[in-house]
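K.L.:
The structure follows.
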Amino acid sequence: MFKFITHRPLWVNIIAGIVLALSLFFLFLLSLDWITGHGKSASVPSVNGKSYEEAKKILRKAGFDVEIQDSIYADTLKPMMVMKQIPEADEVVKRNRTVYLIVSRAVPPLIEMPNLKGYSLRNAMMILKNMDLKLGDTTFRADFAKNAVLEQLYSGVEIKPGTQIRKGSVISFVLGDGVGNREFAVPVIVGMTYADAKAMLEGAGLGIGAVVTDENVTDTMGAYIYWQNPQGLTMRKDYCVSGQAS
């Protein structure tokens, strides 16, 4: 097999080797453009804001491979919508290059519900926004802390701090209305004993003002009310009720 080589002069073999090496080198140079795809470039089409399936069709038609790099939750976008592409739109790159996409998550991630009790409505709203939670209904309950969060509700049921909840969930608040900010009918206490009237008024959040008694009254708590002021009017909760007992 090697007889052809060994029976020829050495210098002939050396020249043949050099010619062969140069031939292979020039052949490599000529094929380099084909190997690297030199001159086969294309502009990356814009797919931001499109669905993943639509973006995949557009990019593959333009000669690019497609791969999802990451998914991020965004409540303003539908699931699997393209939020960002790498390379960016209109960049000129070689064909067959992979375009990486960042899409919106199909399922919102779980987070822990914060403890917002005692926070003002304004601060609670800021925390909800930072945690990608939404504010639902706000209702009021008698409490001296005006606009303070008394209860935090999810689907109408109180949710405890630390409970796992999806981002984008709607949280409702029960807020304090503040003392004196709610009007209601003053109860009629005429004909009741002072002790019973006192218990009723205090239970309704009303204070007792001046009490005028007859001269012969010795037991104020057992005395009966025969006059009151105001008389069945709509008053604020921080008003006091005065009366006369006999």
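For the structure tokens, the naming scheme is as follows: chains receive sequential letters (A, B, ...) according to their order of presentation, residues are indexed from 1 within each chain, and ligands are indexed from 1 in presentation order.
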Considering only C-alpha atoms, return as an MDAnalysis selection string whatever protein or nucleic-acid residues lie within 8 Å of segment 119-126 of chain A, sequence-local ones (same chain, fewer than 4 positions apart) excluded.
P.N.:
chainID A and resid 130 135 147:149 175
K.L.:
For the residues in that selection, give me C-alpha atoms as a PDB file, in the first residue's frame.
P.N.:
```
ATOM      1  CA  ASN A 130     -46.194  46.399  45.460  1.00  0.00           C
ATOM      2  CA  LEU A 135     -58.046  46.282  46.084  1.00  0.00           C
ATOM      3  CA  ASN A 147     -59.844  54.534  57.575  1.00  0.00           C
ATOM      4  CA  ALA A 148     -57.749  51.988  59.471  1.00  0.00           C
ATOM      5  CA  VAL A 149     -57.896  48.387  58.256  1.00  0.00           C
ATOM      6  CA  LEU A 175     -62.304  50.016  57.658  1.00  0.00           C
TER       7      LEU A 175
END
```
K.L.:
Which residues come within 8 Å of Lys56 of chain A, counting only C-alpha atoms, excluding same-chain residues fewer than 4 positions away, as a PyMOL selection string?
P.N.:
chain A and resi 52+60+66
K.L.:
Could you tell me how far atom CA of Val107 of chain A sits from atom CA of Ser155 of chain A, in Å to one decimal place?
P.N.:
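Going from atom CA of Ser155 of chain A over to atom CA of Val107 of chain A, I get 18.8 Å.
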K.L.:
Please report, as a VMD selection string, each residue of segment 5-245 of chain A to which DSSP assigns alpha helix (DSSP H) when run on this structure's backbone.
P.N.:
chain A and resid 5 to 6 10 to 36 52 to 61 121 to 130 194 to 203
K.L.:
Looking only at the backbone, which of the residues in segment 79-244 of chain A does DSSP tag as strand (DSSP E), as a count of residues only?
P.N.:
67
K.L.:
In Å, with one decimal, what is the gap from atom CA of Lys94 of chain A to atom CA of Glu67 of chain A?
P.N.:
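Atom-to-atom, atom CA of Lys94 of chain A to atom CA of Glu67 of chain A, that is 16.3 Å.
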K.L.:
Would you compute the distance between atom CA of Thr76 of chain A and atom CA of Lys134 of chain A? Give it in Å to one decimal.
P.N.:
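Rounded to one decimal, the two atoms are 12.1 Å apart.
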K.L.:
Which is closer to Val82 of chain A than all the others in A:Asp65, A:Glu215, A:Asp70, A:Glu202, using only C-alpha atoms?
P.N.:
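Closest to Val82 of chain A of all the choices is A:Asp70.
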